Structures are given as C-alpha cells and as structure tokens.
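Chemist: Let me begin by handing over the structure; questions about it come next.
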Amino acid sequence: MNKICLSLAAAALTAGSLLAAPVKAQQTEEHYAMVVFLKGSEFFNWAYAGFQDAAATVGATTELQGPADWDASAEARAVDQLVAKGVKGIAVTAGDADTLVGSINAAMEAGVPTLTFDSDSPKSDRLLFVGTNNYNAGFAAGKAVGEQVGDDARVGVSLIPGLDSINHRLQGFKEGLASVAPGAEVVAQVNDEGDLQKAETVNTAMLQANPQINVIFCAHGNPATGALAATRNVGRFDGPNKVHVLAWSIDVPILQGIEDDEYGSTVAQNPYMMGVQSFLQLWSAAHPTQFDSLTNPGMGQVPTADLDTGVKILKKGDPAIKALMTPPKI
Amino acid sequence: MSMNLANIKVSSSWLQYIGLIVVTVLIVVFTHSVFGNVMTAANLRVLAMNMIFEAIMALGMTFVIILGGIDLSVASVFAFGEILVAKLMVEVGLPVPVATAATVAVCALIGALNGVMTVSFRVHPMVVTLGTLLTLRGVNLAITDGRSISGFSDSFLWLGQGQILGVDFPIIFFVVAAVVLGLLLAHHRFFRQIYFIGGSERAAKYSGVDVARVKIAIYALSGFLAGCAGVMAAAKYGAAHWGHGNMAELKAIGSVAIGGADMMGGSGTIFGTVLGAIFLAVVHNAFVTSAVNPFWYDVVNGVMLLIAVLVSRVIAKQNERKMKSVRQQKIDQSLQPQSP
C-alpha cells in the first residue's frame, strides 16, 4: 500500500512538472481565456483558433475552458475560476443566457473584462456581444434563395419553434426573400426538435404534403442531413424536381455535400472572426487609453453595440469551402 | 482475534486516506509554487464551490455504493430539483420554504421509487437508475421546452449565494451533512446495517435485516441529497436549466471510488468520499491554474478513477486473503488434538 501511495505521489509530481515547463513561461505575459459550452466542437475550435491567432499578434497567451456536454453551470464555474486565477479578459459563449449572468457580473465587478460571443447573455453586464446577427444572417439567406430560384421559390422551413434566435433568422429570411423575389413564399414549417432522425421524418412528411416545395431552409445547424435524406425519400434528391436544401452549418460533411451537388448552399457563420474580434475587444478593454470607457470606467474603449461578424452563403466552387474543410487543431 | 481483523481493515483504509491527502497536498503545493494564485482566498472559495454540488450528491452515493448498489439518476434528479423548485416559485407562486420542502420531498420520493423498483422487481440498480436518468432528462427538457427559468426572490438566492461568517451556504450545508451522515454511518445501528448488506445481502437477510426497507431508505436519501443540491444550484446560478449537472453522477461516483469505497459494496466512509471530492476539485483547479489543454482533464479524471477502483479492489482482496488465513488458522487450531 505504501508503494501505491508513493507511486501515486510520484506520478502526480512527474505529470505536474511535465505540464508546468511550457506554461511557466506564460506567467509574465498577458493571459486571456475563452469559455465554451461544447468543448471540442468544430465550431468552437474555429473560434478558439481565431482567439489564439489574434492573441499571438500582440504576444498574449490564451487558454480554452468549459464543459464538453452543454452544461452552462460548468461554464459559470469556469468563469469564476478564471477570475480567481487573474486572467486579463474572458470571452464566453453562453450555453444558457440566465445561468451565466451571476458569473459574468462578478467578473466585471472584479475588473476582468468579459464579453459574450456566438451565444449572448443579454441580461448580464458583459462588455458587448460578438457574433452573428440572426436577422441579418436570415436576410442574406433569403436573398440568396430569391436570387437563385426567383419568384418560383416555394420554401419549407425546418426549425425548432420558440427560440428567439431562430425566430429572428426566419423573419430575416422572409424579408430577404421578398426583397429580390416578391412572388416567392414560405409555404410550410416543421419542428425538427433539433434531432437528425426527427428532421428526416418531418421533412419527408412536409414534402409529401406540399409537393410544390422546391427549397428547404434549415434554420439551424442540426437538420440539414435529415432534410437531405427526406428529399431522397420522396425521390427529389436529383433530377428536374430536385429540392434545393439550404443548410446552416460549416461542418465538413455539409461542405463536402455542397461540392458534391447534394446541398444547394449553406449559411456559413464566421466563428474564426468571432474569436479574433473577441480577443481584440478584450485587449482594448484591458488597455485603457487617455480616456476611460464611458460605460465601464477603468477599462479601455469598447463599443457597447453588438458586433456582427456576418455570414457568407456558400455555393459549390466557393474557395472558402476549401479553407473551411481543414478545421484548426487545438 | 476479531480485534486483529478490525485493526487490519482500519490500517489499510487509513493508508489509502493518507496517500490521498499526501497527493492532494502535493498537487496544491506544486501548482501554487509554480503557477501561483492557488492559495488565495478567492481561488480556495472557487475551488470549494466548484465541486460542492457533486460532493453533496456523493454523500448519498456513498451509502448507495456501500450497500452494493449504484445511483446513476442523481444528475437528472439534481436538474429536476432545480426546475421543480423554480416552477413552484415562479409559475405556481409558492413561498420559498414551501417550494423548497416540496421539491426535496419529491426528489426523495423519486429516490425511494428507485429503491422500490430495485427491490420489488429484483432488477439491477444500474438498469433502474439509468432508466430514471433518461426518463427525468426527457421530463426536464419537455417541461421547460429547453429554456431556463429565472427571476427568483433574494431570499431564495441566499440558499446558493448567501454566506455565514464569510463561508458560502452550500459549503456549510455540505460540511454539516457530511458530519451528521458520517457519524450516523459510523455509529447508528440502522446505517451500520448497510455494510452488512453490501458485504453479503443473503447473510444480512438470513440474520433478520429488513434489506428492502434499508435499500428503499438509502435510495430515498440519495434522491433527497440530489434534490437539496439542485435547489442550492438553482439559487447559486439564479436559473434552472435542464443541462445543469450533466454527467455529475460520474463525478459523484468518482469521489466515492477515489475515497476508497469498494465498488462491489461493503466498505467505504463519508470521510473517504470527502477526501475524494476534494481531490477531484484540486485536480480540476490545477488544470485551470496551469492552463494545460483542458481536453486532457477528462483523461486524468478517468485514469484517477481507474486507479482508485483498482487500489480499492487490491485492498479488498488483501483483506479477504488475511481473513481467510486467520479463519484457516482458527480451523487448524480447533482440529489439533487437545492435551489431557
């Protein structure tokens, strides 16, 4: 037993010293952190890559924290720990807007500049929100469909009802579509519950009940593969009656599907730029200039309005697809 | 002879505890000396609060594991507790004490149901509590539509954010619960029975122990503590959300296993569980402090859990072997011819 205890102690010390060596050098540099609710997801890997790259331009160091299982309370704890650790700034994507309020407010009160990116916590005292403006993104998607299909576009929408973000996307989509193709219309909506299999079932039913539909707009990231399977189920995967599936994702299989002519297009958010802009805003907040921020005394100049990182509608042959198909390694 | 046996068991357990304390202290001293910011009041508070809800669940899990069972449903009971107390206050308008009491009572009832199903249908508790975990997770999502509930009164928020003499209320709750439950487990006849049941359920039954009653009570205790943790978590975060506490059952089980309990039942202590929970909190804190790639955190947690389970099995086997050899010596002595 003594041997076991000694071995455990030795293992802990050895592991510690191995891990410590490269990090000790960071102690003198400014250190910033990003907190996500789905550690390891491709989307947040892109965001963190942007955060890291932007930090490297000014010689700062970064770290990524957060759970791998969408537990916003674990994110809140990570924020608390980072404040106690004394980081210079925190960018957090809120797994749940309300859960993060206390920790973000405590961080700001402690003088640690904290902002939200991708998913906001609007009731908190965060500096600002950096991410996609859902209305604008929906408008761009609707406009692209209108330009591609024209007045003949008959659109079915696959969504999760009730979410503010999706409501804004849908509103933007309808107005974007109407701006270039006033004759086009949204004829049906289905609830895919964010589940792939459910998406296939409800989209198949939608296409059977509404054979005039020639576009499926996936208003969030999950249903695209299910919607594509639905077009197969009703024999409209290809040929003259092919249904144009508009995805909302930059996952590699979707991008490959666009290159293979399976999907019509996809709404590509820009998580890399979210990371870059998040870092730059935190850096600015952590370095006050001659005049303090009006809204956050003691901190540097940062806009209080949301910072829209925009979207691009990717179609086959777009050079951005190739770049996005090699996600960064963290 | 029975005195010798007791000594053997105690010394093995204490060796394990001392090893755990030494490793924990070494990690703290090492990370503080290399990275700093560990032994600060702010960090120690965060370190304690970081595992407090899992640690409260681990107290109940200790009883369940000593009993030879397992309770995978605690994390979903925890989230259900959050949501129920939030709904009772925000939507039904019940006062804080009534909503809180009703919530912990319902959570205890869910735990008791786990016990009843395990006893009545003779189904392995892993299957029963897994079923409860999945069912409640679905219920949590369905009754909230995936949204969080917030807007609590200050008197309720105090349960998660309030302090007594500068110490957070959930920490005080944990300490008091650990002391009370630790004393009960060590000295109260009813709770001592669970060691007997965990060691050999059949022997306990033949000795007149009401195994079914004890099991139902222990699972109810586990549900009750998960409910208490859920209520305090809702107050701490100011929101109830179906995703809170995901995988918390594994951290609770990990605390018990690292604390030296035999996962096959029959051994374990509240003191060991407290040490296990502190160890996991310190390891997590060391990861944040050292800024090591957090992708490795789960690997380290998993390896530590494996080591703990293997060490406790080695100790159990050693004890078994020693007991057998003592028993054999006794038999040999009784077979020797008596001198006239």
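By convention in this document, the chains of the structure tokens carry letters A, B, ... by their order, each chain's residues are numbered from 1, and ligands are numbered from 1 in the order they are shown.
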I want to know what sits within 6 Å of stretch 55-59 of chain B, based on only C-alpha atoms, with residues of the same chain fewer than 5 positions away left out; could you give that as a PyMOL selection string?
Modeler: chain B and resi 174+225-226+252+277
Chemist: For the residues in the current selection, export C-alpha atoms as an mmCIF file, in the first residue's frame.
Modeler:
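Saved to selection_32.cif:
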```
data_model
loop_
_atom_site.group_PDB
_atom_site.id
_atom_site.type_symbol
_atom_site.label_atom_id
_atom_site.label_comp_id
_atom_site.auth_asym_id
_atom_site.auth_seq_id
_atom_site.Cartn_x
_atom_site.Cartn_y
_atom_site.Cartn_z
ATOM 1 C CA PHE B 174 -22.077 20.081 2.839
ATOM 2 C CA LEU B 225 -29.465 14.987 -1.245
ATOM 3 C CA ALA B 226 -29.565 15.363 -5.050
ATOM 4 C CA ALA B 252 -20.177 11.777 -7.533
ATOM 5 C CA ALA B 277 -14.324 15.155 -3.701
#
```
Chemist: Run DSSP on the backbone and tell me which residues of stretch 41-173 of chain B come out as strand (DSSP E); list them as a ChimeraX atom specification.
Modeler: /B:149-150,163-164,167-168
Chemist: When you look at stretch 319-326 of chain A with a cut-off of 12 Å (counting only C-alpha atoms), what residues show up, excluding the ones that are within fewer than 2 positions of it in the same chain? I need them as a PyMOL selection string.
Modeler: chain A and resi 42-43+45-46+249-260+265-272+311-317+328-329
Chemist: Dump N, CA and C atoms for the selected residues as a short mmCIF file (atom, residue, chain, number, x, y, z; two decimals), in the first residue's frame?
Modeler:
```cif
data_model
loop_
_atom_site.label_atom_id
_atom_site.label_comp_id
_atom_site.auth_asym_id
_atom_site.auth_seq_id
_atom_site.Cartn_x
_atom_site.Cartn_y
_atom_site.Cartn_z
N GLU A 42 -16.30 21.49 -33.56
CA GLU A 42 -15.54 22.10 -34.66
C GLU A 42 -15.74 23.63 -34.67
N PHE A 43 -16.99 24.03 -34.42
CA PHE A 43 -17.33 25.45 -34.46
C PHE A 43 -16.49 26.24 -33.45
N ASN A 45 -13.77 25.22 -32.02
CA ASN A 45 -12.34 25.12 -32.34
C ASN A 45 -11.93 26.25 -33.28
N TRP A 46 -12.82 26.56 -34.24
CA TRP A 46 -12.55 27.69 -35.14
C TRP A 46 -12.47 28.99 -34.34
N SER A 249 -24.67 25.53 -41.60
CA SER A 249 -23.59 24.81 -40.92
C SER A 249 -22.31 24.91 -41.74
N ILE A 250 -21.18 24.82 -41.04
CA ILE A 250 -19.91 24.74 -41.77
C ILE A 250 -19.19 23.42 -41.43
N ASP A 251 -19.98 22.43 -41.01
CA ASP A 251 -19.37 21.12 -40.75
C ASP A 251 -18.86 20.53 -42.06
N VAL A 252 -17.77 19.78 -41.95
CA VAL A 252 -17.12 19.24 -43.15
C VAL A 252 -18.07 18.41 -44.03
N PRO A 253 -18.89 17.51 -43.45
CA PRO A 253 -19.79 16.71 -44.31
C PRO A 253 -20.75 17.59 -45.13
N ILE A 254 -21.21 18.69 -44.54
CA ILE A 254 -22.12 19.58 -45.27
C ILE A 254 -21.35 20.27 -46.41
N LEU A 255 -20.14 20.74 -46.09
CA LEU A 255 -19.33 21.42 -47.12
C LEU A 255 -19.03 20.46 -48.27
N GLN A 256 -18.70 19.21 -47.91
CA GLN A 256 -18.43 18.20 -48.95
C GLN A 256 -19.69 17.97 -49.78
N GLY A 257 -20.85 17.97 -49.09
CA GLY A 257 -22.13 17.78 -49.78
C GLY A 257 -22.41 18.89 -50.78
N ILE A 258 -21.96 20.09 -50.47
CA ILE A 258 -22.15 21.21 -51.41
C ILE A 258 -21.27 21.00 -52.64
N GLU A 259 -20.02 20.62 -52.39
CA GLU A 259 -19.10 20.35 -53.51
C GLU A 259 -19.61 19.20 -54.37
N ASP A 260 -20.33 18.24 -53.74
CA ASP A 260 -20.87 17.10 -54.48
C ASP A 260 -22.25 17.36 -55.05
N SER A 265 -26.83 25.08 -50.94
CA SER A 265 -25.90 26.06 -50.37
C SER A 265 -25.96 25.95 -48.84
N THR A 266 -25.09 26.70 -48.19
CA THR A 266 -25.13 26.72 -46.73
C THR A 266 -24.84 28.12 -46.21
N VAL A 267 -25.44 28.43 -45.07
CA VAL A 267 -25.15 29.71 -44.42
C VAL A 267 -23.92 29.51 -43.54
N ALA A 268 -22.83 30.17 -43.90
CA ALA A 268 -21.58 29.98 -43.15
C ALA A 268 -21.39 31.15 -42.19
N GLN A 269 -21.52 30.87 -40.89
CA GLN A 269 -21.14 31.88 -39.90
C GLN A 269 -19.62 31.95 -39.87
N ASN A 270 -19.09 32.88 -39.11
CA ASN A 270 -17.65 33.07 -39.13
C ASN A 270 -17.07 32.95 -37.72
N PRO A 271 -17.00 31.73 -37.19
CA PRO A 271 -16.51 31.59 -35.80
C PRO A 271 -15.07 32.03 -35.63
N TYR A 272 -14.26 31.90 -36.69
CA TYR A 272 -12.86 32.32 -36.58
C TYR A 272 -12.81 33.83 -36.31
N VAL A 311 -22.23 36.67 -42.19
CA VAL A 311 -22.25 35.30 -42.74
C VAL A 311 -21.92 35.37 -44.23
N LYS A 312 -21.61 34.20 -44.78
CA LYS A 312 -21.48 34.11 -46.24
C LYS A 312 -22.29 32.91 -46.70
N ILE A 313 -23.03 33.08 -47.80
CA ILE A 313 -23.80 31.95 -48.33
C ILE A 313 -22.87 31.20 -49.29
N LEU A 314 -22.49 30.00 -48.91
CA LEU A 314 -21.51 29.23 -49.70
C LEU A 314 -22.21 28.33 -50.71
N LYS A 315 -21.78 28.46 -51.97
CA LYS A 315 -22.29 27.57 -53.01
C LYS A 315 -21.13 26.78 -53.59
N LYS A 316 -21.43 25.81 -54.42
CA LYS A 316 -20.39 24.96 -55.00
C LYS A 316 -19.32 25.81 -55.68
N GLY A 317 -18.06 25.46 -55.43
CA GLY A 317 -16.96 26.14 -56.09
C GLY A 317 -16.43 27.34 -55.33
N PRO A 328 -9.11 23.87 -37.78
CA PRO A 328 -7.87 24.00 -37.00
C PRO A 328 -7.77 22.93 -35.92
N LYS A 329 -6.52 22.63 -35.54
CA LYS A 329 -6.31 21.71 -34.42
C LYS A 329 -5.96 22.56 -33.20
#
```
Chemist: Produce a table with one row for each residue of chain B that has an atom at most 8 Å from any atom of chain A, each row naming the nearest atom pair and its distance in Å at one decimal; use only C-alpha atoms; arrange rows by chain and rising residue number; format as CSV.
Modeler:
```
residue,atom,partner,partner_atom,distance
B:Ser12,CA,A:Met1,CA,7.5
B:Leu15,CA,A:Met1,CA,6.9
B:Gln16,CA,A:Cys5,CA,7.2
B:Gly19,CA,A:Cys5,CA,4.7
B:Leu20,CA,A:Cys5,CA,7.5
B:Val22,CA,A:Ala9,CA,7.2
B:Val23,CA,A:Ala9,CA,5.0
B:Leu26,CA,A:Ala9,CA,7.4
B:Ile27,CA,A:Ala12,CA,7.0
B:Phe30,CA,A:Gly16,CA,7.6
B:Thr31,CA,A:Gly16,CA,7.7
B:Val34,CA,A:Lys24,CA,6.9
B:Phe35,CA,A:Lys24,CA,6.7
B:Asn37,CA,A:Lys85,CA,5.8
B:Val38,CA,A:Lys85,CA,7.7
B:Ala42,CA,A:Ala84,CA,5.5
B:Asn43,CA,A:Ala84,CA,5.0
B:Val46,CA,A:Gln81,CA,5.9
B:Leu47,CA,A:Gln81,CA,7.5
B:Asn50,CA,A:Arg77,CA,6.1
B:Ser148,CA,A:Asp98,CA,6.9
B:Ile149,CA,A:Asp98,CA,7.9
B:Ser150,CA,A:Asp98,CA,6.7
B:Tyr237,CA,A:Thr99,CA,5.2
B:Gly238,CA,A:Thr99,CA,6.4
B:Ala239,CA,A:Thr99,CA,5.3
B:Ala240,CA,A:Thr99,CA,7.6
B:His241,CA,A:Asp96,CA,7.6
B:Gly243,CA,A:Asp71,CA,5.0
B:His244,CA,A:Asp71,CA,5.0
B:Gly245,CA,A:Asp71,CA,6.5
B:Asn246,CA,A:Asp71,CA,6.0
B:Met247,CA,A:Asp69,CA,8.0
B:Asn285,CA,A:Gln81,CA,7.6
B:Val288,CA,A:Gln81,CA,7.2
B:Thr289,CA,A:Lys85,CA,6.4
B:Ser290,CA,A:Val23,CA,6.6
B:Ala291,CA,A:Glu63,CA,5.9
B:Val292,CA,A:Leu19,CA,6.7
B:Asn293,CA,A:Leu64,CA,7.2
B:Pro294,CA,A:Gln65,CA,6.3
B:Phe295,CA,A:Gly40,CA,7.7
B:Val311,CA,A:Ile4,CA,7.9
```
Chemist: Which of these, B:Ala233, B:Ala48, B:Val256, B:Leu109, has the shortest distance to B:Val85 once you count only C-alpha atoms?
Modeler: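 Closest residue, counting only C-alpha atoms: B:Ala233.
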Chemist: List the spatial neighbours of B:Ser207 as a PyMOL selection string - criterion: any atom at most 12 Å away, only C-alpha atoms, same-chain residues fewer than 6 positions off excluded.
Modeler: chain B and resi 193+196-197+200-201
Chemist: Can you tell me, as a PyMOL selection string, what residues are no more than 8 Å from B:Val128 when counting only C-alpha atoms, ignoring any on the same chain fewer than 3 positions away?
Modeler: chain B and resi 114+117-118+123-125+131-132
Chemist: Suppose you want the space between atom CA of B:Asp154 and atom CA of A:Ala107; what is it in Å?
Modeler: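 Distance reported for this atom pair: 20.3 Å.
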Chemist: If we count only C-alpha atoms, what is near stretch 216-227 of chain A at a cut-off of 10 Å, once residues fewer than 4 positions away on the same chain are taken out, given as JSON, numbers by chain?
Modeler: {"A": [138, 141, 142, 145, 153, 154, 155, 156, 157, 158, 159, 160, 165, 166, 167, 168, 169, 170, 173, 186, 188, 189, 191, 192, 193, 194, 195, 196, 197, 198, 199, 200, 201, 202, 203, 204, 206, 207, 231, 232, 233, 243, 244, 245, 246, 247, 248, 249, 250, 251, 253, 254, 257, 263, 264, 265, 266, 267]}
Chemist: Would you mind reading off the distance between atom CA of A:Ala184 and atom CA of A:Asp152, one decimal, in Å?
Modeler: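 Taking atom CA of A:Ala184 and atom CA of A:Asp152, their separation equals 5.6 Å.
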Chemist: Would you pick out the contacts of B:Leu159 at 12 Å or less, using only C-alpha atoms, so that residues sharing its chain but fewer than 5 positions from it are not included, and give the list as number ranges by chain?
Modeler: B: 96-97, 100, 152-154, 164, 168-173, 228-238
Chemist: Kindly export the residues of the current selection with N, CA, C and O atoms, as an mmCIF file, in the first residue's frame.
Modeler:
```
data_model
loop_
_atom_site.group_PDB
_atom_site.id
_atom_site.type_symbol
_atom_site.label_atom_id
_atom_site.label_comp_id
_atom_site.auth_asym_id
_atom_site.auth_seq_id
_atom_site.Cartn_x
_atom_site.Cartn_y
_atom_site.Cartn_z
ATOM 1 N N VAL B 96 -40.916 30.484 -0.706
ATOM 2 C CA VAL B 96 -39.636 29.747 -0.815
ATOM 3 C C VAL B 96 -39.594 28.494 0.073
ATOM 4 O O VAL B 96 -39.266 27.399 -0.423
ATOM 5 N N PRO B 97 -39.947 28.588 1.373
ATOM 6 C CA PRO B 97 -39.824 27.378 2.204
ATOM 7 C C PRO B 97 -40.710 26.229 1.717
ATOM 8 O O PRO B 97 -40.299 25.074 1.724
ATOM 9 N N THR B 100 -39.300 24.787 -1.562
ATOM 10 C CA THR B 100 -38.071 24.039 -1.303
ATOM 11 C C THR B 100 -38.385 22.694 -0.641
ATOM 12 O O THR B 100 -37.874 21.645 -1.068
ATOM 13 N N PHE B 152 -35.796 34.677 -9.546
ATOM 14 C CA PHE B 152 -36.062 34.220 -8.181
ATOM 15 C C PHE B 152 -35.955 35.379 -7.183
ATOM 16 O O PHE B 152 -35.267 36.373 -7.438
ATOM 17 N N SER B 153 -36.582 35.154 -6.028
ATOM 18 C CA SER B 153 -36.518 36.180 -4.979
ATOM 19 C C SER B 153 -35.145 36.138 -4.296
ATOM 20 O O SER B 153 -34.448 35.114 -4.347
ATOM 21 N N ASP B 154 -34.789 37.242 -3.634
ATOM 22 C CA ASP B 154 -33.490 37.311 -2.950
ATOM 23 C C ASP B 154 -33.393 36.273 -1.832
ATOM 24 O O ASP B 154 -32.326 35.723 -1.572
ATOM 25 N N ILE B 164 -22.435 32.561 5.620
ATOM 26 C CA ILE B 164 -22.482 32.634 7.088
ATOM 27 C C ILE B 164 -21.034 32.727 7.553
ATOM 28 O O ILE B 164 -20.231 31.830 7.245
ATOM 29 N N ASP B 168 -19.708 30.275 2.133
ATOM 30 C CA ASP B 168 -20.915 30.093 1.324
ATOM 31 C C ASP B 168 -21.833 29.045 1.954
ATOM 32 O O ASP B 168 -21.363 28.003 2.434
ATOM 33 N N PHE B 169 -23.139 29.296 1.869
ATOM 34 C CA PHE B 169 -24.102 28.399 2.499
ATOM 35 C C PHE B 169 -23.998 26.948 1.976
ATOM 36 O O PHE B 169 -24.039 26.013 2.781
ATOM 37 N N PRO B 170 -23.850 26.728 0.642
ATOM 38 C CA PRO B 170 -23.747 25.324 0.178
ATOM 39 C C PRO B 170 -22.561 24.585 0.815
ATOM 40 O O PRO B 170 -22.646 23.383 1.077
ATOM 41 N N ILE B 171 -21.469 25.311 1.098
ATOM 42 C CA ILE B 171 -20.309 24.662 1.737
ATOM 43 C C ILE B 171 -20.671 24.269 3.174
ATOM 44 O O ILE B 171 -20.367 23.163 3.631
ATOM 45 N N ILE B 172 -21.365 25.184 3.858
ATOM 46 C CA ILE B 172 -21.782 24.876 5.236
ATOM 47 C C ILE B 172 -22.747 23.693 5.245
ATOM 48 O O ILE B 172 -22.625 22.776 6.064
ATOM 49 N N PHE B 173 -23.671 23.698 4.292
ATOM 50 C CA PHE B 173 -24.618 22.575 4.193
ATOM 51 C C PHE B 173 -23.844 21.268 4.016
ATOM 52 O O PHE B 173 -24.132 20.271 4.676
ATOM 53 N N CYS B 228 -31.594 18.491 -2.708
ATOM 54 C CA CYS B 228 -31.033 19.626 -1.960
ATOM 55 C C CYS B 228 -29.973 20.343 -2.811
ATOM 56 O O CYS B 228 -29.939 21.576 -2.883
ATOM 57 N N ALA B 229 -29.112 19.542 -3.455
ATOM 58 C CA ALA B 229 -28.063 20.123 -4.307
ATOM 59 C C ALA B 229 -28.690 20.915 -5.452
ATOM 60 O O ALA B 229 -28.225 22.009 -5.802
ATOM 61 N N GLY B 230 -29.762 20.364 -6.028
ATOM 62 C CA GLY B 230 -30.445 21.037 -7.147
ATOM 63 C C GLY B 230 -31.024 22.379 -6.718
ATOM 64 O O GLY B 230 -30.884 23.377 -7.428
ATOM 65 N N VAL B 231 -31.665 22.392 -5.563
ATOM 66 C CA VAL B 231 -32.266 23.641 -5.060
ATOM 67 C C VAL B 231 -31.169 24.692 -4.857
ATOM 68 O O VAL B 231 -31.297 25.848 -5.293
ATOM 69 N N MET B 232 -30.068 24.290 -4.226
ATOM 70 C CA MET B 232 -28.988 25.257 -3.960
ATOM 71 C C MET B 232 -28.313 25.708 -5.262
ATOM 72 O O MET B 232 -27.895 26.860 -5.382
ATOM 73 N N ALA B 233 -28.236 24.795 -6.242
ATOM 74 C CA ALA B 233 -27.621 25.171 -7.532
ATOM 75 C C ALA B 233 -28.489 26.199 -8.257
ATOM 76 O O ALA B 233 -27.971 27.166 -8.834
ATOM 77 N N ALA B 234 -29.809 25.996 -8.229
ATOM 78 C CA ALA B 234 -30.704 26.978 -8.874
ATOM 79 C C ALA B 234 -30.506 28.346 -8.221
ATOM 80 O O ALA B 234 -30.480 29.377 -8.898
ATOM 81 N N ALA B 235 -30.340 28.342 -6.882
ATOM 82 C CA ALA B 235 -30.132 29.605 -6.166
ATOM 83 C C ALA B 235 -28.758 30.187 -6.469
ATOM 84 O O ALA B 235 -28.594 31.398 -6.601
ATOM 85 N N LYS B 236 -27.768 29.329 -6.621
ATOM 86 C CA LYS B 236 -26.400 29.807 -6.902
ATOM 87 C C LYS B 236 -26.321 30.473 -8.283
ATOM 88 O O LYS B 236 -25.719 31.528 -8.444
ATOM 89 N N TYR B 237 -26.919 29.820 -9.296
ATOM 90 C CA TYR B 237 -26.814 30.348 -10.665
ATOM 91 C C TYR B 237 -27.942 31.316 -11.011
ATOM 92 O O TYR B 237 -27.935 31.906 -12.096
ATOM 93 N N GLY B 238 -28.960 31.394 -10.134
ATOM 94 C CA GLY B 238 -30.087 32.294 -10.417
ATOM 95 C C GLY B 238 -30.913 31.819 -11.585
ATOM 96 O O GLY B 238 -31.666 32.586 -12.184
#
```
Chemist: Between atom CA of A:Ala106 and atom CA of B:Thr24, what is the distance in Å, rounded to a tenth?
Modeler: 28.5 Å
